Structure formats: C-alpha cells, structure tokens
Amino acid sequence: MADVVLVTGGAGYIGSHACKALRAAGYLPVAYDNLSTGCREAVKFGPLEEGDLADRARLDEVFAKWQPVAVMHFAALSLVGESMKDPAKYWRTNVLCGLNLIEATLAAGCRNFVFSSTCATYGDQDGVVLNEDTPQYPINAYGGSKRAIEDMLRDFGASHGLNSVIFRYFNVAGADPQAEVGEQHVPETHLIPLMLDAIAGKRPALTVFGSDYPTPDGTCIRDYVHVSDLVDAHVLGLKWLEAGKPSRVFCLGSGEGYSVREVIARSREVTNREVPIIEGDRRPGDAAKLVSGSTRALQELGWTPQRSALSTMIADAWRWHQAPEYES
C-alpha cells in the first residue's frame with residue numbers, strides 16, 4: 001500500500017486540493033474532518049475518517065488504523081473578524097486541538113508534520129515584503145493562534161524530535177484546473193468567491209470592507225497564491241522531511257500585492273461582467289497590506305508556482321463556480 005498521509009481538514013478547500021496532489025504524488029491521503037465546514041463530496045482522492053481534533057481517543061484510533069508517515073494539518077478556524085469578537089473560540093479550537101494532534105502524532109510514532117500557517121502571524125507591517133525572518137506581531141486571535149502552534153512545533157521538535165515544515169501564506173485563490181474540487185465555504189468570506197457569486201447573481205452585491213486604508217486606492221492589498229501551487233509546495237515540504245532535512249519555515253506567495261479594487265477590475269476582464277458593489281466599513285483586525293515573499297521556497301524546495309497569475313486564479317475559480325457541483 002502507498003504511504004499514508006493524514007490530512008486534517010481534508011474535506012475543506014485547501015485540504016481537498018492537498019489530497020489530490022498527494023494522490024498524484026503516489027501517497028494515500030486519509031482525510032480527517034469533523035465536516036463542520038468541510039464538504040463530504042470534496043473527499044474524492046482517498047478515504048474519509050470523520051472525527052474531531054478535540055477527540056484524542058478518535059485520533060489514536062485513526063493513527064493506529066492507518067499508521068501515517070506524516071501529518072498535514074489544515075483544520076482550523078480562520079475568520080479574522082470572528083477571531084476578534086470571540087478570541088476564546090480560536091484559542092480553544094486552534095491551539096488546544098493543535099496540541100492534541102501533535103501529542104497524538106508523537107504517541108503514534110509519527111515524526112513528520114506539515115503545518116498550514118498564515119502570514120497573519122506577522123500582523124500589520126505595511127511596506128514590508130514578509131519573509132521567514134520578519135518578526136511576528138499578530139493583531140488578531142487567528143494569527144495569534146497560528147503562531148502558537150508554530151511555537152509548539154518548535155518546542156516539540158527540540159524535546160521529542162518532531163520534524164516540521166511550516167508554510168506561511170495569506171490569500172489562497174483559484175480552484176482545481178479540472179474543476180474536480182474548488183472553493184466552497186459556509187459562510188463564504190473570501191474575496192474572489194464572494195465577487196464571483198455577486199457577478200453570477202447568487203448574492204446581491206460584493207461588500208468592499210474599507211476604502212480609507214493607506215494604500216493607493218484606499219482598499220486592502222493582499223498577495224494571492226493559487227491553491228494548486230500552494231498544495232504542490234506542501235508535497236515538496238513533505239518530501240523535504242522524508243529526505244531527512246531539518247525543520248523549516250517557508251513563506252508562499254506570488255510576491256505581488258493586489259488591492260480589492262484591482263481584483264474587481266481584473267475579474268471584469270476575465271468574466272466580461274460587472275461586479276455589483278456595496279461600500280462597507282473596515283473590519284476589525286484587517287491589516288492594510290500583506291505581501292508574502294517566497295524566495296526560500298523557490299531556492300530550497302524548488303517550488304515553481306505555475307498558476308498564480310491573478311487572471312488565472314480568477315478564471316479557474318470562475319470555471320468552478322459555474323460547475324454543477326458548486327452551489328453557494
């Protein structure tokens with residue numbers, strides 16, 4: 001049997017794409033998901049084990065059954081606004097469940113751990129290309145909880161020999177080019193799918209949260225990376241660990257930032273449709289500009305993003321949003 005990789009959040013947006021990439025690379029991805037936000041229908045490339053990360057007995061059972069060679073940890077709460085209103089929920093779910101998973105991983109004798117972190121750990125550092133050495137000053141509980149798991153991985157690496165690759169990235173976009181899986185959240189909070197829903201008439205309009213940021217057009221600037229490129233990097237990170245290389249942090253991004261208005265303008269070009277817009281207030285915890293540098297991933301992992309041009313990401317997402325499987 002192929003080597004097993006346990007993919008937490010494997011029924012979610014990024015996790016389902018990771019399962020496809022792992023299967024293509026010769027692994028058997030086992031999705032571990034409580035289906036609170038994931039979709040059962042997205043688990044297409046390996047088995048699904050339903051379970052919660054808070055349930056240590058269930059985790060131990062799944063580890064004993066499949067004996068994975070590695071864990072890819074995507075499962076997390078990830079809404080910035082919600083994390084500002086209810087930080088306890090994020091510290092409890094992301095951090096305590098993350099600790100539970102790490103301890104279960106070690107108890108099962110598994111030593112390779114690939115973690116989906118975020119550029120939100122850096123906070124609001126305008127005018128800086130965020131690389132692996134940039135100091136981390138998270139400004140919301142989401143970013144803080146992710147940084148806490150990074151710290152745990154470091155500590156358990158020193159004390160128990162847990163090897164980890166940590167990927168920090170911000171806005172993931174696009175969809176599988178074959179439209180087998182795509183971006184589908186309930187509720188949806190990400191710019192590009194919200195924009196495409198507004199274009200398609202599935203919601204009245206796109207709300208632009210804040211137009212008075214210190215940016216050229218007043219809207220937030222973000223670095224976007226295609227989900228297929230992102231999960232390719234995760235497979236490379238797994239192979240890095242399997243080759244016996246040391247724990248490492250990598251930033252992933254295109255290195256270019258696009259404002260909300262620039263994304264809207266590009267979508268008009270791709271879809272040939274107008275985007276209905278409502279001007280809204282800023283959301284608490286939103287940074288003005290986040291651009292992720294990924295030189296280390298290019299040089300050390302040999303990662304070459306193929307689909308992270310903005311037009312390509314929007315076009316792939318638009319194709320998925322028109323597929324029969326997609327329902328907003």
# chains A, B, ... in the order shown; residues from 1 in each chain; ligands from 1

call {"tool": "closest_atom_pairs", "arguments": {"of": "stretch 184-285 of chain A", "to": "stretch 289-302 of chain A", "cutoff": "9 Å", "atoms": "only C-alpha atoms", "output": "CSV"}}
result
residue,atom,partner,partner_atom,distance
A:Tyr213,CA,A:Lys289,CA,8.9
A:Pro214,CA,A:Lys289,CA,8.8
A:Thr215,CA,A:Lys289,CA,7.8
A:Cys220,CA,A:Lys289,CA,5.9
A:Ile221,CA,A:Lys289,CA,4.6
A:Arg222,CA,A:Leu290,CA,5.1
A:Asp223,CA,A:Val291,CA,4.8
A:Tyr224,CA,A:Val291,CA,8.5
A:Ala233,CA,A:Leu301,CA,7.7
A:Leu236,CA,A:Leu301,CA,6.3
A:Gly237,CA,A:Leu301,CA,7.1
A:Trp240,CA,A:Leu301,CA,7.4
A:Val249,CA,A:Arg296,CA,8.8
A:Phe250,CA,A:Ala297,CA,5.8
A:Cys251,CA,A:Ser294,CA,4.9
A:Leu252,CA,A:Ser294,CA,4.9
A:Gly253,CA,A:Ser292,CA,5.1
A:Ser254,CA,A:Ser292,CA,7.2
A:Gly255,CA,A:Gly293,CA,5.2
A:Glu256,CA,A:Val291,CA,6.5
A:Gly257,CA,A:Val291,CA,5.6
A:Tyr258,CA,A:Val291,CA,9.0
A:Ser259,CA,A:Lys289,CA,8.5

call {"tool": "write_last_selection", "arguments": {"atoms": "N, CA and C atoms", "output": "CSV table (one decimal), in the first residue's frame"}}
result
chain,number,residue,atom,x,y,z
A,213,TYR,N,-8.0,52.9,3.7
A,213,TYR,CA,-6.7,52.4,4.1
A,213,TYR,C,-5.5,53.2,3.5
A,214,PRO,N,-4.4,53.2,4.1
A,214,PRO,CA,-3.2,53.9,3.5
A,214,PRO,C,-2.6,53.2,2.3
A,215,THR,N,-3.4,53.0,1.3
A,215,THR,CA,-3.0,52.3,0.0
A,215,THR,C,-3.3,53.2,-1.1
A,220,CYS,N,-7.7,47.3,0.9
A,220,CYS,CA,-6.6,46.4,1.4
A,220,CYS,C,-5.8,45.8,0.2
A,221,ILE,N,-4.6,45.6,0.4
A,221,ILE,CA,-3.7,44.9,-0.5
A,221,ILE,C,-3.3,43.5,0.0
A,222,ARG,N,-3.5,42.5,-0.8
A,222,ARG,CA,-3.1,41.2,-0.4
A,222,ARG,C,-2.3,40.5,-1.6
A,223,ASP,N,-1.5,39.5,-1.2
A,223,ASP,CA,-0.8,38.6,-2.1
A,223,ASP,C,-1.6,37.4,-2.2
A,224,TYR,N,-1.9,37.0,-3.5
A,224,TYR,CA,-2.7,35.8,-3.7
A,224,TYR,C,-1.8,34.7,-4.3
A,233,ALA,N,3.5,22.9,-3.1
A,233,ALA,CA,4.5,23.3,-2.1
A,233,ALA,C,4.4,22.3,-0.9
A,236,LEU,N,6.1,19.1,-1.7
A,236,LEU,CA,7.5,19.3,-1.7
A,236,LEU,C,8.0,19.4,-0.2
A,237,GLY,N,7.3,20.1,0.7
A,237,GLY,CA,7.6,20.1,2.1
A,237,GLY,C,7.7,18.7,2.7
A,240,TRP,N,10.7,17.1,1.6
A,240,TRP,CA,11.9,17.7,2.3
A,240,TRP,C,12.1,16.9,3.6
A,249,VAL,N,10.8,26.8,8.0
A,249,VAL,CA,9.6,27.7,7.7
A,249,VAL,C,9.8,28.2,6.3
A,250,PHE,N,8.7,28.2,5.5
A,250,PHE,CA,8.7,28.8,4.2
A,250,PHE,C,7.5,29.7,4.0
A,251,CYS,N,7.7,30.9,3.4
A,251,CYS,CA,6.6,31.7,3.0
A,251,CYS,C,6.2,31.4,1.6
A,252,LEU,N,4.9,31.4,1.3
A,252,LEU,CA,4.4,31.1,0.0
A,252,LEU,C,3.6,32.3,-0.5
A,253,GLY,N,3.9,32.8,-1.7
A,253,GLY,CA,3.1,33.8,-2.3
A,253,GLY,C,3.6,34.2,-3.7
A,254,SER,N,3.0,35.0,-4.4
A,254,SER,CA,3.4,35.5,-5.7
A,254,SER,C,4.5,36.6,-5.6
A,255,GLY,N,4.5,37.2,-4.4
A,255,GLY,CA,5.4,38.4,-4.2
A,255,GLY,C,4.8,39.7,-4.7
A,256,GLU,N,3.6,39.6,-5.2
A,256,GLU,CA,2.9,40.8,-5.7
A,256,GLU,C,1.6,41.0,-4.9
A,257,GLY,N,1.3,42.2,-4.6
A,257,GLY,CA,0.1,42.5,-3.9
A,257,GLY,C,-0.9,43.2,-4.8
A,258,TYR,N,-2.2,42.8,-4.6
A,258,TYR,CA,-3.3,43.4,-5.4
A,258,TYR,C,-4.3,44.0,-4.4
A,259,SER,N,-4.8,45.2,-4.7
A,259,SER,CA,-5.9,45.7,-3.9
A,259,SER,C,-7.2,45.1,-4.2

call {"tool": "residues_around", "arguments": {"residues": "stretch 79-93 of chain A", "least_positions_apart": "5", "cutoff": "7 Å", "atoms": "only C-alpha atoms", "output": "PDB file with N, CA and C atoms, in the first residue's frame"}}
result
ATOM      1  N   ASN A 140      -4.617  39.743  15.645  1.00  0.00           N
ATOM      2  CA  ASN A 140      -5.905  39.111  15.917  1.00  0.00           C
ATOM      3  C   ASN A 140      -5.673  37.693  16.438  1.00  0.00           C
ATOM      4  N   ALA A 141      -6.712  37.119  17.008  1.00  0.00           N
ATOM      5  CA  ALA A 141      -6.594  35.803  17.637  1.00  0.00           C
ATOM      6  C   ALA A 141      -6.334  34.706  16.616  1.00  0.00           C
ATOM      7  N   TYR A 142      -6.789  34.903  15.376  1.00  0.00           N
ATOM      8  CA  TYR A 142      -6.487  33.913  14.343  1.00  0.00           C
ATOM      9  C   TYR A 142      -4.976  33.821  14.127  1.00  0.00           C
ATOM     10  N   SER A 145      -3.206  32.451  17.239  1.00  0.00           N
ATOM     11  CA  SER A 145      -3.356  31.010  17.461  1.00  0.00           C
ATOM     12  C   SER A 145      -2.463  30.211  16.523  1.00  0.00           C
ATOM     13  N   ARG A 283     -13.198  46.104   8.639  1.00  0.00           N
ATOM     14  CA  ARG A 283     -13.411  45.026   9.589  1.00  0.00           C
ATOM     15  C   ARG A 283     -12.300  45.052  10.627  1.00  0.00           C
ATOM     16  N   PRO A 284     -12.630  44.867  11.898  1.00  0.00           N
ATOM     17  CA  PRO A 284     -11.581  44.830  12.927  1.00  0.00           C
ATOM     18  C   PRO A 284     -10.563  43.733  12.626  1.00  0.00           C
ATOM     19  N   GLY A 285      -9.289  44.046  12.805  1.00  0.00           N
ATOM     20  CA  GLY A 285      -8.240  43.048  12.644  1.00  0.00           C
ATOM     21  C   GLY A 285      -7.669  42.920  11.249  1.00  0.00           C
TER      22      GLY A 285
END

call {"tool": "residues_around", "arguments": {"residues": "A:Met1", "least_positions_apart": "6", "cutoff": "12 Å", "atoms": "only C-alpha atoms", "output": "list in words"}}
result
Gly26, Tyr27, Leu28, Pro29, Trp66, Gln67 and Pro68 of chain A

call {"tool": "write_last_selection", "arguments": {"atoms": "N, CA, C and O atoms", "output": "PDB file, in the first residue's frame"}}
result
ATOM      1  N   GLY A  26       1.699   9.844  -5.382  1.00  0.00           N
ATOM      2  CA  GLY A  26       1.895   8.457  -5.009  1.00  0.00           C
ATOM      3  C   GLY A  26       1.571   8.117  -3.565  1.00  0.00           C
ATOM      4  O   GLY A  26       1.808   6.988  -3.126  1.00  0.00           O
ATOM      5  N   TYR A  27       1.014   9.052  -2.812  1.00  0.00           N
ATOM      6  CA  TYR A  27       0.624   8.803  -1.430  1.00  0.00           C
ATOM      7  C   TYR A  27      -0.859   8.444  -1.360  1.00  0.00           C
ATOM      8  O   TYR A  27      -1.615   8.689  -2.311  1.00  0.00           O
ATOM      9  N   LEU A  28      -1.265   7.895  -0.215  1.00  0.00           N
ATOM     10  CA  LEU A  28      -2.683   7.695   0.050  1.00  0.00           C
ATOM     11  C   LEU A  28      -3.105   8.740   1.080  1.00  0.00           C
ATOM     12  O   LEU A  28      -2.739   8.647   2.262  1.00  0.00           O
ATOM     13  N   PRO A  29      -3.866   9.752   0.678  1.00  0.00           N
ATOM     14  CA  PRO A  29      -4.317  10.758   1.643  1.00  0.00           C
ATOM     15  C   PRO A  29      -5.549  10.268   2.394  1.00  0.00           C
ATOM     16  O   PRO A  29      -6.538   9.853   1.791  1.00  0.00           O
ATOM     17  N   TRP A  66      -4.252   3.551  10.363  1.00  0.00           N
ATOM     18  CA  TRP A  66      -3.600   3.902   9.103  1.00  0.00           C
ATOM     19  C   TRP A  66      -2.077   4.032   9.208  1.00  0.00           C
ATOM     20  O   TRP A  66      -1.396   3.960   8.186  1.00  0.00           O
ATOM     21  N   GLN A  67      -1.545   4.252  10.397  1.00  0.00           N
ATOM     22  CA  GLN A  67      -0.106   4.389  10.608  1.00  0.00           C
ATOM     23  C   GLN A  67       0.535   5.338   9.572  1.00  0.00           C
ATOM     24  O   GLN A  67       1.412   4.941   8.792  1.00  0.00           O
ATOM     25  N   PRO A  68       0.113   6.579   9.559  1.00  0.00           N
ATOM     26  CA  PRO A  68       0.609   7.527   8.551  1.00  0.00           C
ATOM     27  C   PRO A  68       2.100   7.828   8.729  1.00  0.00           C
ATOM     28  O   PRO A  68       2.630   7.807   9.842  1.00  0.00           O
TER      29      PRO A  68
END

call {"tool": "atom_distance", "arguments": {"atom1": "atom CA of A:Ala104", "atom2": "atom CA of A:Gly12"}}
result
21.5 Å

call {"tool": "select_by_dssp", "arguments": {"residues": "stretch 58-198 of chain A", "states": "strand (DSSP E)", "output": "PyMOL selection string"}}
result
chain A and resi 70-73+112-116+129-130+163-168+171-173

call {"tool": "write_last_selection", "arguments": {"atoms": "N, CA, C and O atoms", "output": "PDB file, in the first residue's frame"}}
result
ATOM      1  N   ALA A  70       3.177  10.753   7.825  1.00  0.00           N
ATOM      2  CA  ALA A  70       3.223  12.200   8.050  1.00  0.00           C
ATOM      3  C   ALA A  70       1.818  12.718   8.285  1.00  0.00           C
ATOM      4  O   ALA A  70       0.820  12.069   7.934  1.00  0.00           O
ATOM      5  N   VAL A  71       1.759  13.907   8.868  1.00  0.00           N
ATOM      6  CA  VAL A  71       0.502  14.632   9.048  1.00  0.00           C
ATOM      7  C   VAL A  71       0.591  15.943   8.288  1.00  0.00           C
ATOM      8  O   VAL A  71       1.624  16.620   8.324  1.00  0.00           O
ATOM      9  N   MET A  72      -0.476  16.289   7.558  1.00  0.00           N
ATOM     10  CA  MET A  72      -0.638  17.628   7.005  1.00  0.00           C
ATOM     11  C   MET A  72      -1.815  18.267   7.722  1.00  0.00           C
ATOM     12  O   MET A  72      -2.942  17.779   7.632  1.00  0.00           O
ATOM     13  N   HIS A  73      -1.534  19.348   8.430  1.00  0.00           N
ATOM     14  CA  HIS A  73      -2.539  19.929   9.321  1.00  0.00           C
ATOM     15  C   HIS A  73      -3.105  21.217   8.731  1.00  0.00           C
ATOM     16  O   HIS A  73      -2.478  22.271   8.764  1.00  0.00           O
ATOM     17  N   ASN A 112       6.849  13.331  11.179  1.00  0.00           N
ATOM     18  CA  ASN A 112       6.849  14.343  10.125  1.00  0.00           C
ATOM     19  C   ASN A 112       5.519  15.090  10.116  1.00  0.00           C
ATOM     20  O   ASN A 112       4.459  14.474  10.004  1.00  0.00           O
ATOM     21  N   PHE A 113       5.596  16.421  10.206  1.00  0.00           N
ATOM     22  CA  PHE A 113       4.396  17.248  10.389  1.00  0.00           C
ATOM     23  C   PHE A 113       4.503  18.469   9.487  1.00  0.00           C
ATOM     24  O   PHE A 113       5.435  19.269   9.613  1.00  0.00           O
ATOM     25  N   VAL A 114       3.550  18.614   8.565  1.00  0.00           N
ATOM     26  CA  VAL A 114       3.496  19.774   7.667  1.00  0.00           C
ATOM     27  C   VAL A 114       2.329  20.639   8.103  1.00  0.00           C
ATOM     28  O   VAL A 114       1.179  20.169   8.164  1.00  0.00           O
ATOM     29  N   PHE A 115       2.622  21.893   8.432  1.00  0.00           N
ATOM     30  CA  PHE A 115       1.616  22.761   9.048  1.00  0.00           C
ATOM     31  C   PHE A 115       1.249  23.938   8.161  1.00  0.00           C
ATOM     32  O   PHE A 115       2.105  24.659   7.653  1.00  0.00           O
ATOM     33  N   SER A 116      -0.045  24.135   8.020  1.00  0.00           N
ATOM     34  CA  SER A 116      -0.602  25.256   7.275  1.00  0.00           C
ATOM     35  C   SER A 116      -0.744  26.444   8.213  1.00  0.00           C
ATOM     36  O   SER A 116      -1.694  26.545   8.978  1.00  0.00           O
ATOM     37  N   VAL A 129       7.902  43.329   2.478  1.00  0.00           N
ATOM     38  CA  VAL A 129       7.665  42.009   1.913  1.00  0.00           C
ATOM     39  C   VAL A 129       7.970  41.012   3.021  1.00  0.00           C
ATOM     40  O   VAL A 129       9.093  40.957   3.536  1.00  0.00           O
ATOM     41  N   LEU A 130       6.978  40.254   3.414  1.00  0.00           N
ATOM     42  CA  LEU A 130       7.087  39.394   4.587  1.00  0.00           C
ATOM     43  C   LEU A 130       7.841  38.117   4.239  1.00  0.00           C
ATOM     44  O   LEU A 130       7.377  37.310   3.435  1.00  0.00           O
ATOM     45  N   ASN A 163       9.703  16.558  13.471  1.00  0.00           N
ATOM     46  CA  ASN A 163      10.209  17.318  12.329  1.00  0.00           C
ATOM     47  C   ASN A 163       9.047  18.020  11.653  1.00  0.00           C
ATOM     48  O   ASN A 163       8.011  17.403  11.387  1.00  0.00           O
ATOM     49  N   SER A 164       9.202  19.298  11.359  1.00  0.00           N
ATOM     50  CA  SER A 164       8.081  20.041  10.799  1.00  0.00           C
ATOM     51  C   SER A 164       8.515  20.969   9.678  1.00  0.00           C
ATOM     52  O   SER A 164       9.635  21.483   9.673  1.00  0.00           O
ATOM     53  N   VAL A 165       7.602  21.153   8.742  1.00  0.00           N
ATOM     54  CA  VAL A 165       7.688  22.218   7.746  1.00  0.00           C
ATOM     55  C   VAL A 165       6.460  23.090   7.943  1.00  0.00           C
ATOM     56  O   VAL A 165       5.334  22.591   7.994  1.00  0.00           O
ATOM     57  N   ILE A 166       6.700  24.383   8.095  1.00  0.00           N
ATOM     58  CA  ILE A 166       5.635  25.354   8.325  1.00  0.00           C
ATOM     59  C   ILE A 166       5.525  26.254   7.103  1.00  0.00           C
ATOM     60  O   ILE A 166       6.537  26.801   6.654  1.00  0.00           O
ATOM     61  N   PHE A 167       4.332  26.386   6.583  1.00  0.00           N
ATOM     62  CA  PHE A 167       4.094  27.266   5.440  1.00  0.00           C
ATOM     63  C   PHE A 167       3.245  28.454   5.886  1.00  0.00           C
ATOM     64  O   PHE A 167       2.152  28.282   6.431  1.00  0.00           O
ATOM     65  N   ARG A 168       3.760  29.657   5.647  1.00  0.00           N
ATOM     66  CA  ARG A 168       3.013  30.874   5.935  1.00  0.00           C
ATOM     67  C   ARG A 168       2.541  31.484   4.619  1.00  0.00           C
ATOM     68  O   ARG A 168       3.349  31.769   3.736  1.00  0.00           O
ATOM     69  N   ASN A 171      -3.635  34.878   1.174  1.00  0.00           N
ATOM     70  CA  ASN A 171      -4.862  34.664   0.411  1.00  0.00           C
ATOM     71  C   ASN A 171      -4.674  33.564  -0.628  1.00  0.00           C
ATOM     72  O   ASN A 171      -3.934  33.730  -1.595  1.00  0.00           O
ATOM     73  N   VAL A 172      -5.354  32.472  -0.413  1.00  0.00           N
ATOM     74  CA  VAL A 172      -5.357  31.363  -1.360  1.00  0.00           C
ATOM     75  C   VAL A 172      -6.559  31.542  -2.274  1.00  0.00           C
ATOM     76  O   VAL A 172      -7.640  31.903  -1.828  1.00  0.00           O
ATOM     77  N   ALA A 173      -6.373  31.301  -3.550  1.00  0.00           N
ATOM     78  CA  ALA A 173      -7.453  31.558  -4.517  1.00  0.00           C
ATOM     79  C   ALA A 173      -7.421  30.508  -5.618  1.00  0.00           C
ATOM     80  O   ALA A 173      -6.536  29.661  -5.677  1.00  0.00           O
TER      81      ALA A 173
END

call {"tool": "select_by_dssp", "arguments": {"residues": "stretch 11-249 of chain A", "states": "alpha helix (DSSP H)", "output": "PyMOL selection string"}}
result
chain A and resi 13-24+56-66+80-85+87-90+97-107+141-160+191-199+227-242

call {"tool": "atom_distance", "arguments": {"atom1": "atom CA of A:Arg319", "atom2": "atom CA of A:Asp176"}}
result
9.4 Å

call {"tool": "atom_distance", "arguments": {"atom1": "atom CA of A:Asp229", "atom2": "atom CA of A:Ala243"}}
result
21.2 Å

call {"tool": "residues_around", "arguments": {"residues": "A:Ala175", "least_positions_apart": "2", "cutoff": "10 Å", "atoms": "only C-alpha atoms", "output": "ChimeraX atom specification"}}
result
/A:13-14,17,172-173,177-184,226-228,312-321

call {"tool": "closest_residue", "arguments": {"among": "A:Ala75, A:Ala57, A:Ile149, A:Leu99", "to": "A:Tyr32", "atoms": "only C-alpha atoms"}}
result
A:Ala75

call {"tool": "residues_around", "arguments": {"residues": "stretch 51-53 of chain A", "least_positions_apart": "2", "cutoff": "7 Å", "atoms": "only C-alpha atoms", "output": "ChimeraX atom specification"}}
result
/A:32-34,49,55-56,58-59,97,100-101

call {"tool": "closest_residue", "arguments": {"among": "A:Ser211, A:Gly174, A:Gly161, A:Leu191", "to": "A:Ala309", "atoms": "only C-alpha atoms"}}
result
A:Gly174

call {"tool": "closest_residue", "arguments": {"among": "A:Ile278, A:Val95, A:Cys110, A:Val69", "to": "A:Ala205", "atoms": "only C-alpha atoms"}}
result
A:Ile278

call {"tool": "closest_residue", "arguments": {"among": "A:Ala107, A:Arg307, A:Ala24, A:Gln125", "to": "A:Asp60", "atoms": "only C-alpha atoms"}}
result
A:Ala107

call {"tool": "decode", "arguments": {"residues": "stretch 83-94 of chain A", "atoms": "N, CA, C and O atoms", "output": "compact mmCIF listing (two decimals), in the first residue's frame"}}
result
# COMPACT_ATOMS: atom_id res chain seq x y z
N SER A 83 -12.53 35.98 14.95
CA SER A 83 -11.49 35.81 15.96
C SER A 83 -11.34 37.06 16.82
O SER A 83 -10.91 36.97 17.97
N MET A 84 -11.68 38.23 16.27
CA MET A 84 -11.63 39.46 17.05
C MET A 84 -12.79 39.52 18.05
O MET A 84 -12.65 40.03 19.16
N LYS A 85 -13.94 38.97 17.65
CA LYS A 85 -15.12 39.01 18.52
C LYS A 85 -15.10 37.90 19.57
O LYS A 85 -15.62 38.07 20.67
N ASP A 86 -14.54 36.76 19.20
CA ASP A 86 -14.58 35.60 20.10
C ASP A 86 -13.21 34.92 20.13
O ASP A 86 -13.03 33.82 19.63
N PRO A 87 -12.21 35.58 20.74
CA PRO A 87 -10.86 35.01 20.74
C PRO A 87 -10.78 33.67 21.46
O PRO A 87 -9.99 32.80 21.07
N ALA A 88 -11.62 33.46 22.49
CA ALA A 88 -11.57 32.19 23.23
C ALA A 88 -11.85 31.01 22.30
O ALA A 88 -11.22 29.95 22.43
N LYS A 89 -12.77 31.20 21.38
CA LYS A 89 -13.10 30.13 20.44
C LYS A 89 -11.88 29.74 19.62
O LYS A 89 -11.64 28.55 19.35
N TYR A 90 -11.07 30.72 19.24
CA TYR A 90 -9.90 30.45 18.40
C TYR A 90 -8.76 29.84 19.20
O TYR A 90 -8.09 28.92 18.73
N TRP A 91 -8.55 30.34 20.41
CA TRP A 91 -7.51 29.75 21.24
C TRP A 91 -7.88 28.33 21.63
O TRP A 91 -7.02 27.43 21.66
N ARG A 92 -9.15 28.11 21.91
CA ARG A 92 -9.57 26.76 22.31
C ARG A 92 -9.51 25.79 21.13
O ARG A 92 -8.94 24.69 21.24
N THR A 93 -10.08 26.19 20.00
CA THR A 93 -10.18 25.27 18.87
C THR A 93 -8.85 25.09 18.16
O THR A 93 -8.40 23.96 17.94
N ASN A 94 -8.20 26.17 17.80
CA ASN A 94 -6.97 26.04 17.03
C ASN A 94 -5.81 25.54 17.88
O ASN A 94 -5.08 24.63 17.49
